[in-house]
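Structure data follow from query.pdb (PDB, C-alpha atoms and all ligand atoms):
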```pdb
ATOM      1  CA  MET D   3      15.205  11.759 -23.008  1.00  0.00           C
ATOM      2  CA  GLU D   4      17.825   9.907 -25.026  1.00  0.00           C
ATOM      3  CA  LYS D   5      16.775   8.043 -28.152  1.00  0.00           C
ATOM      4  CA  ASN D   6      17.238   4.557 -26.708  1.00  0.00           C
ATOM      5  CA  SER D   7      15.919   5.178 -23.212  1.00  0.00           C
ATOM      6  CA  LYS D   8      13.359   2.642 -22.253  1.00  0.00           C
ATOM      7  CA  LYS D   9      13.819   1.800 -18.593  1.00  0.00           C
ATOM      8  CA  ILE D  10      12.512   4.465 -16.263  1.00  0.00           C
ATOM      9  CA  LEU D  11      12.671   4.514 -12.460  1.00  0.00           C
ATOM     10  CA  PHE D  12      10.633   6.859 -10.261  1.00  0.00           C
ATOM     11  CA  VAL D  13      11.938   7.675  -6.796  1.00  0.00           C
ATOM     12  CA  CYS D  14      10.339   9.285  -3.734  1.00  0.00           C
ATOM     13  CA  LEU D  15      10.802   9.085   0.018  1.00  0.00           C
ATOM     14  CA  GLY D  16       8.601   6.146   0.982  1.00  0.00           C
ATOM     15  CA  ASN D  17       7.625   4.563  -2.353  1.00  0.00           C
ATOM     16  CA  ILE D  18       4.010   4.454  -1.201  1.00  0.00           C
ATOM     17  CA  CYS D  19       2.536   7.723  -2.536  1.00  0.00           C
ATOM     18  CA  ARG D  20       4.211   9.640  -5.367  1.00  0.00           C
ATOM     19  CA  SER D  21       6.578   7.235  -7.115  1.00  0.00           C
ATOM     20  CA  PRO D  22       4.243   4.192  -7.228  1.00  0.00           C
ATOM     21  CA  LEU D  23       1.575   6.519  -8.589  1.00  0.00           C
ATOM     22  CA  ALA D  24       3.928   7.545 -11.417  1.00  0.00           C
ATOM     23  CA  GLU D  25       4.794   3.886 -12.016  1.00  0.00           C
ATOM     24  CA  GLY D  26       1.119   2.883 -12.069  1.00  0.00           C
ATOM     25  CA  ILE D  27       0.056   5.686 -14.411  1.00  0.00           C
ATOM     26  CA  MET D  28       2.871   4.826 -16.809  1.00  0.00           C
ATOM     27  CA  LEU D  29       2.042   1.102 -16.628  1.00  0.00           C
ATOM     28  CA  HIS D  30      -1.593   1.893 -17.442  1.00  0.00           C
ATOM     29  CA  TYR D  31      -0.646   3.627 -20.702  1.00  0.00           C
ATOM     30  CA  ILE D  32       2.233   1.259 -21.514  1.00  0.00           C
ATOM     31  CA  GLN D  33      -0.152  -1.705 -21.318  1.00  0.00           C
ATOM     32  CA  LYS D  34      -2.980   0.095 -23.095  1.00  0.00           C
ATOM     33  CA  HIS D  35      -0.780   1.098 -26.051  1.00  0.00           C
ATOM     34  CA  LYS D  36       1.701  -1.804 -25.877  1.00  0.00           C
ATOM     35  CA  LEU D  37       4.666   0.555 -25.542  1.00  0.00           C
ATOM     36  CA  PRO D  38       8.225  -0.784 -25.220  1.00  0.00           C
ATOM     37  CA  ILE D  39       8.962   1.036 -21.968  1.00  0.00           C
ATOM     38  CA  GLU D  40       9.757  -0.557 -18.607  1.00  0.00           C
ATOM     39  CA  VAL D  41       9.012   1.275 -15.391  1.00  0.00           C
ATOM     40  CA  ASP D  42       9.679   0.749 -11.724  1.00  0.00           C
ATOM     41  CA  SER D  43       9.715   2.835  -8.555  1.00  0.00           C
ATOM     42  CA  ALA D  44      11.754   2.918  -5.363  1.00  0.00           C
ATOM     43  CA  ALA D  45      12.124   4.598  -1.981  1.00  0.00           C
ATOM     44  CA  ILE D  46      14.905   6.645  -0.457  1.00  0.00           C
ATOM     45  CA  ALA D  47      13.810   5.668   3.071  1.00  0.00           C
ATOM     46  CA  PRO D  48      13.291   2.112   4.331  1.00  0.00           C
ATOM     47  CA  TYR D  49      10.100   2.787   6.358  1.00  0.00           C
ATOM     48  CA  HIS D  50       7.602   1.120   4.031  1.00  0.00           C
ATOM     49  CA  ILE D  51       9.606  -1.551   2.241  1.00  0.00           C
ATOM     50  CA  GLY D  52       7.418  -4.538   1.386  1.00  0.00           C
ATOM     51  CA  GLU D  53       4.186  -2.573   1.734  1.00  0.00           C
ATOM     52  CA  HIS D  54       1.554  -1.822  -0.865  1.00  0.00           C
ATOM     53  CA  PRO D  55       0.975   1.849  -1.713  1.00  0.00           C
ATOM     54  CA  ASP D  56      -0.745   4.104   0.813  1.00  0.00           C
ATOM     55  CA  PRO D  57      -4.507   3.314   0.857  1.00  0.00           C
ATOM     56  CA  ARG D  58      -5.270   6.984   0.132  1.00  0.00           C
ATOM     57  CA  THR D  59      -3.108   6.915  -2.998  1.00  0.00           C
ATOM     58  CA  ILE D  60      -4.701   3.625  -4.069  1.00  0.00           C
ATOM     59  CA  LYS D  61      -8.228   4.965  -3.563  1.00  0.00           C
ATOM     60  CA  ASN D  62      -7.588   8.197  -5.411  1.00  0.00           C
ATOM     61  CA  ALA D  63      -5.854   6.457  -8.322  1.00  0.00           C
ATOM     62  CA  LEU D  64      -8.769   4.003  -8.627  1.00  0.00           C
ATOM     63  CA  LYS D  65     -11.110   6.984  -9.053  1.00  0.00           C
ATOM     64  CA  HIS D  66      -9.146   7.636 -12.250  1.00  0.00           C
ATOM     65  CA  ASN D  67      -9.154   4.000 -13.305  1.00  0.00           C
ATOM     66  CA  ILE D  68      -5.497   3.475 -12.379  1.00  0.00           C
ATOM     67  CA  ASP D  69      -4.992   0.339 -10.278  1.00  0.00           C
ATOM     68  CA  ILE D  70      -1.804   0.355  -8.194  1.00  0.00           C
ATOM     69  CA  ARG D  71      -2.980  -2.129  -5.561  1.00  0.00           C
ATOM     70  CA  ASN D  72      -0.405  -4.759  -6.543  1.00  0.00           C
ATOM     71  CA  LEU D  73       2.701  -2.594  -6.352  1.00  0.00           C
ATOM     72  CA  ILE D  74       5.132  -3.200  -3.486  1.00  0.00           C
ATOM     73  CA  ALA D  75       7.587  -0.691  -2.038  1.00  0.00           C
ATOM     74  CA  ARG D  76      11.292  -1.351  -2.374  1.00  0.00           C
ATOM     75  CA  GLN D  77      14.359   0.649  -1.525  1.00  0.00           C
ATOM     76  CA  PHE D  78      16.573   2.320  -4.102  1.00  0.00           C
ATOM     77  CA  HIS D  79      19.910   0.574  -4.446  1.00  0.00           C
ATOM     78  CA  PRO D  80      23.061   1.802  -6.185  1.00  0.00           C
ATOM     79  CA  GLU D  81      22.771  -0.731  -9.028  1.00  0.00           C
ATOM     80  CA  ASP D  82      19.685   1.201 -10.092  1.00  0.00           C
ATOM     81  CA  PHE D  83      22.042   3.840 -11.509  1.00  0.00           C
ATOM     82  CA  PHE D  84      23.191   1.208 -14.006  1.00  0.00           C
ATOM     83  CA  ASN D  85      19.920  -0.646 -14.520  1.00  0.00           C
ATOM     84  CA  PHE D  86      17.803   2.315 -15.628  1.00  0.00           C
ATOM     85  CA  ASP D  87      18.115   4.812 -18.451  1.00  0.00           C
ATOM     86  CA  LYS D  88      16.367   7.603 -16.576  1.00  0.00           C
ATOM     87  CA  ILE D  89      15.637   8.137 -12.877  1.00  0.00           C
ATOM     88  CA  TYR D  90      12.993  10.715 -11.979  1.00  0.00           C
ATOM     89  CA  VAL D  91      12.778  12.120  -8.460  1.00  0.00           C
ATOM     90  CA  MET D  92       9.931  14.081  -6.900  1.00  0.00           C
ATOM     91  CA  ASP D  93      11.808  16.649  -4.817  1.00  0.00           C
ATOM     92  CA  SER D  94      15.177  18.095  -3.890  1.00  0.00           C
ATOM     93  CA  TYR D  95      15.674  15.763  -0.937  1.00  0.00           C
ATOM     94  CA  HIS D  96      15.596  12.734  -3.245  1.00  0.00           C
ATOM     95  CA  TYR D  97      17.763  14.541  -5.799  1.00  0.00           C
ATOM     96  CA  GLU D  98      20.450  15.395  -3.236  1.00  0.00           C
ATOM     97  CA  HIS D  99      20.326  11.945  -1.700  1.00  0.00           C
ATOM     98  CA  LEU D 100      20.932  10.277  -5.061  1.00  0.00           C
ATOM     99  CA  ARG D 101      23.702  12.762  -5.842  1.00  0.00           C
ATOM    100  CA  ASN D 102      25.416  11.734  -2.598  1.00  0.00           C
ATOM    101  CA  ILE D 103      25.300   8.020  -3.345  1.00  0.00           C
ATOM    102  CA  ALA D 104      25.848   8.138  -7.119  1.00  0.00           C
ATOM    103  CA  PRO D 105      28.934   6.241  -8.317  1.00  0.00           C
ATOM    104  CA  ASP D 106      30.072   9.363 -10.174  1.00  0.00           C
ATOM    105  CA  ASN D 107      28.818  12.768 -11.340  1.00  0.00           C
ATOM    106  CA  GLU D 108      28.602  11.770 -14.975  1.00  0.00           C
ATOM    107  CA  ILE D 109      26.108   8.983 -14.434  1.00  0.00           C
ATOM    108  CA  PHE D 110      24.145  11.105 -11.952  1.00  0.00           C
ATOM    109  CA  TYR D 111      23.701  14.099 -14.270  1.00  0.00           C
ATOM    110  CA  GLN D 112      23.066  11.885 -17.271  1.00  0.00           C
ATOM    111  CA  LYS D 113      20.299   9.888 -15.608  1.00  0.00           C
ATOM    112  CA  VAL D 114      18.741  11.694 -12.660  1.00  0.00           C
ATOM    113  CA  ASP D 115      16.276  14.540 -13.033  1.00  0.00           C
ATOM    114  CA  TYR D 116      13.226  16.025 -11.363  1.00  0.00           C
ATOM    115  CA  LEU D 117      10.031  14.524 -12.776  1.00  0.00           C
ATOM    116  CA  LEU D 118       8.504  17.970 -13.223  1.00  0.00           C
ATOM    117  CA  ASN D 119      11.427  19.107 -15.409  1.00  0.00           C
ATOM    118  CA  VAL D 120       9.657  17.063 -18.086  1.00  0.00           C
ATOM    119  CA  LEU D 121       6.893  19.690 -17.991  1.00  0.00           C
ATOM    120  CA  TYR D 122       8.866  22.724 -16.805  1.00  0.00           C
ATOM    121  CA  PRO D 123      12.464  22.301 -18.020  1.00  0.00           C
ATOM    122  CA  ASN D 124      15.256  23.394 -15.681  1.00  0.00           C
ATOM    123  CA  GLN D 125      12.889  24.719 -13.005  1.00  0.00           C
ATOM    124  CA  ASN D 126      13.408  21.835 -10.563  1.00  0.00           C
ATOM    125  CA  ARG D 127       9.784  22.055  -9.432  1.00  0.00           C
ATOM    126  CA  GLU D 128       8.742  19.525  -6.801  1.00  0.00           C
ATOM    127  CA  VAL D 129       5.837  17.113  -6.592  1.00  0.00           C
ATOM    128  CA  PRO D 130       4.394  17.930  -3.138  1.00  0.00           C
ATOM    129  CA  ASP D 131       4.399  15.210  -0.498  1.00  0.00           C
ATOM    130  CA  PRO D 132       0.744  14.313   0.225  1.00  0.00           C
ATOM    131  CA  TYR D 133       1.504  12.004   3.168  1.00  0.00           C
ATOM    132  CA  TYR D 134       0.353  14.436   5.868  1.00  0.00           C
ATOM    133  CA  GLY D 135      -2.348  15.937   3.673  1.00  0.00           C
ATOM    134  CA  ASP D 136      -5.990  15.226   2.944  1.00  0.00           C
ATOM    135  CA  GLU D 137      -8.021  13.904   0.012  1.00  0.00           C
ATOM    136  CA  LYS D 138      -7.614  17.145  -1.892  1.00  0.00           C
ATOM    137  CA  ASP D 139      -3.806  16.842  -1.674  1.00  0.00           C
ATOM    138  CA  PHE D 140      -3.879  13.293  -3.029  1.00  0.00           C
ATOM    139  CA  GLU D 141      -6.016  14.450  -5.947  1.00  0.00           C
ATOM    140  CA  GLU D 142      -3.666  17.373  -6.611  1.00  0.00           C
ATOM    141  CA  VAL D 143      -0.674  15.021  -6.641  1.00  0.00           C
ATOM    142  CA  PHE D 144      -2.545  12.700  -9.009  1.00  0.00           C
ATOM    143  CA  GLN D 145      -3.160  15.542 -11.459  1.00  0.00           C
ATOM    144  CA  ILE D 146       0.459  16.747 -11.297  1.00  0.00           C
ATOM    145  CA  VAL D 147       1.953  13.275 -11.728  1.00  0.00           C
ATOM    146  CA  HIS D 148      -0.534  12.317 -14.439  1.00  0.00           C
ATOM    147  CA  ASN D 149       0.312  15.416 -16.492  1.00  0.00           C
ATOM    148  CA  ALA D 150       4.025  14.725 -16.129  1.00  0.00           C
ATOM    149  CA  CYS D 151       3.559  11.088 -17.193  1.00  0.00           C
ATOM    150  CA  LEU D 152       1.588  12.085 -20.286  1.00  0.00           C
ATOM    151  CA  LYS D 153       4.396  14.458 -21.255  1.00  0.00           C
ATOM    152  CA  LEU D 154       6.964  11.745 -20.607  1.00  0.00           C
ATOM    153  CA  LEU D 155       5.099   9.323 -22.877  1.00  0.00           C
ATOM    154  CA  GLU D 156       4.855  11.984 -25.576  1.00  0.00           C
ATOM    155  CA  LYS D 157       8.597  12.723 -25.332  1.00  0.00           C
ATOM    156  CA  TYR D 158       9.391   9.024 -25.509  1.00  0.00           C
ATOM    157  CA  LEU D 159       7.183   8.429 -28.529  1.00  0.00           C
ATOM    158  CA  VAL D 160       8.604  11.449 -30.359  1.00  0.00           C
ATOM    159  CA  SER D 161      12.168  10.331 -29.586  1.00  0.00           C
ATOM    160  CA  CYS D 162      11.324   6.929 -31.103  1.00  0.00           C
ATOM    161  CA  GLY D 163      10.282   8.679 -34.281  1.00  0.00           C
TER     162      GLY D 163
HETATM  163  P1  LIG E   1       6.072   9.260  -0.702  1.00  0.00           P
HETATM  164  O1  LIG E   1       5.301   9.814   0.595  1.00  0.00           O
HETATM  165  O2  LIG E   1       7.534   9.625  -0.497  1.00  0.00           O
HETATM  166  O3  LIG E   1       5.454   9.994  -1.829  1.00  0.00           O
HETATM  167  O4  LIG E   1       5.839   7.764  -0.725  1.00  0.00           O
HETATM  168  C1  LIG E   1       5.673   9.556   1.899  1.00  0.00           C
HETATM  169  C2  LIG E   1       5.487   8.281   2.409  1.00  0.00           C
HETATM  170  C3  LIG E   1       5.825   8.030   3.727  1.00  0.00           C
HETATM  171  C4  LIG E   1       6.339   9.034   4.516  1.00  0.00           C
HETATM  172  C5  LIG E   1       6.527  10.304   3.986  1.00  0.00           C
HETATM  173  C6  LIG E   1       6.207  10.563   2.687  1.00  0.00           C
HETATM  174  N1  LIG E   1       6.646   8.761   5.889  1.00  0.00           N
HETATM  175  O5  LIG E   1       7.066   9.703   6.590  1.00  0.00           O
HETATM  176  O6  LIG E   1       6.510   7.598   6.327  1.00  0.00           O
END
```

Go ahead and render the structure in this file as structure tokens.
Amino acid sequence: MEKNSKKILFVCLGNICRSPLAEGIMLHYIQKHKLPIEVDSAAIAPYHIGEHPDPRTIKNALKHNIDIRNLIARQFHPEDFFNFDKIYVMDSYHYEHLRNIAPDNEIFYQKVDYLLNVLYPNQNREVPDPYYGDEKDFEEVFQIVHNACLKLLEKYLVSCG
């Protein structure tokens, strides 16, 4: 992460499971530690625009004291390439979609990355989609995203010196 990065966007397909969870986990720590980082999340697909996160994601996050009930899904729009310092996607579908709509390659490669590359550099590992899964899958996604967010916060704090 670059030294001055402070606006982070998380992107997934529907913006109701994975990316709002990442946003909510980050917000929890940002507020707790008063960190100068802004976060947001957005969808590739329009299916759930205007909706709160999936009730299963909300319920599982609440078990861990993370409250994402107030978040509302929105669609990714091309200005987001300019409005954020870093854009983290959950899987290759989101990555390829953003590559297709990016204004140019330079801005895409500078800003867009897989969230799990924070933990496993250059491996392009994916955060699994829990939408058609069960409670266990939502908990697994929580653990994966939480670990990635903790690493992201650590990277940010180190880069701030
Ligand atoms: P998300 O999960 O991309 O993590 O928000 C999904 C949400 C909705 C759908 C698929 C995945 N859907 O097919 O509606």

Could you tell me which residues the PyMOL selection byres (((chain D and resi 11-22) around 8) and not hetatm) returns for this structure, as a ChimeraX atom specification? /D:9-10,23-26,41-51,53-56,59,70,73,75-78,86,88-93,96,129,131-133,143,147

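Proximity of D:Ile60, D:Leu37, D:Cys151, D:Leu121 to ligand LIG 1 (chain E), computed with all atoms listed in the file, is greatest for D:Ile60.
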
Long-range neighbours of Ala150 (chain D) as number ranges by chain, 7 Å cut-off, only C-alpha atoms, 6 positions minimum in chain: D: 117-118, 120-121

Just to confirm, what's the straight-line distance from CA of Ile103 (chain D) to atom O6 of ligand LIG 1 (chain E) in Å (one decimal)?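 Taking CA of Ile103 (chain D) and atom O6 of ligand LIG 1 (chain E), their separation equals 21.1 Å.
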
How far is it from CA of Arg101 (chain D) to CA of Val114 (chain D), in Å with one decimal?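 Computing the Euclidean distance for CA of Arg101 (chain D) and CA of Val114 (chain D) yields 8.5 Å.
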
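CA of Ile68 (chain D) to CA of Asn119 (chain D) spans 23.2 Å [interatomic distance, one decimal].
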
Calculate, to one decimal in Å, the centre and edge lengths of the box along x, y and z of the file that holds all listed atoms of ligand LIG 1 (chain E) with 3 Å of margin on each side, and present them as lines of an AutoDock Vina configuration file.
```
center_x = 6.4
center_y = 9.1
center_z = 2.4
size_x = 8.2
size_y = 9.0
size_z = 14.4
```

Which residues are close to region 134-138 of chain D, i.e. within 10 Å by only C-alpha atoms, leaving aside same-chain residues fewer than 6 positions away? Reply as a PDB file with C-alpha atoms, in the coordinates of the input.
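Here's the written file around_15.pdb:
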```
ATOM      1  CA  ARG D  58      -5.270   6.984   0.132  1.00  0.00           C
ATOM      2  CA  THR D  59      -3.108   6.915  -2.998  1.00  0.00           C
ATOM      3  CA  LYS D  61      -8.228   4.965  -3.563  1.00  0.00           C
ATOM      4  CA  ASN D  62      -7.588   8.197  -5.411  1.00  0.00           C
ATOM      5  CA  PHE D 144      -2.545  12.700  -9.009  1.00  0.00           C
TER       6      PHE D 144
END
```

Just checking: using only C-alpha atoms, which residue out of D:Tyr158, D:Tyr31, D:Tyr97, D:Phe140 ends up closest to Asp115 (chain D)? D:Tyr97

Given the choices D:Glu40, D:Gln112, D:Glu141, D:His35, which gets closest to Leu64 (chain D) if the distance is worked out from all atoms listed in the file? D:Glu141

Tell me which of D:Glu81, D:Asp69, D:Glu108, D:Glu128 sits closest to Ser94 (chain D), counting only C-alpha atoms.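 Distance minimum relative to Ser94 (chain D) lands on D:Glu128.
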
Determine the nearest neighbour of ligand LIG 1 (chain E) from the options D:Leu154, D:Gln33, D:Tyr111, D:Ile74, counting only C-alpha atoms and all ligand atoms.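 Looking at the shortest contact to ligand LIG 1 (chain E), the residue is D:Ile74.
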
Given all atoms listed in the file as the basis, pick out the residue of D:Ile39, D:Ala104, D:Asn149, D:Asp139 nearest to ligand LIG 1 (chain E).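 Answer, going by the shortest atom-to-atom distance: D:Asp139.
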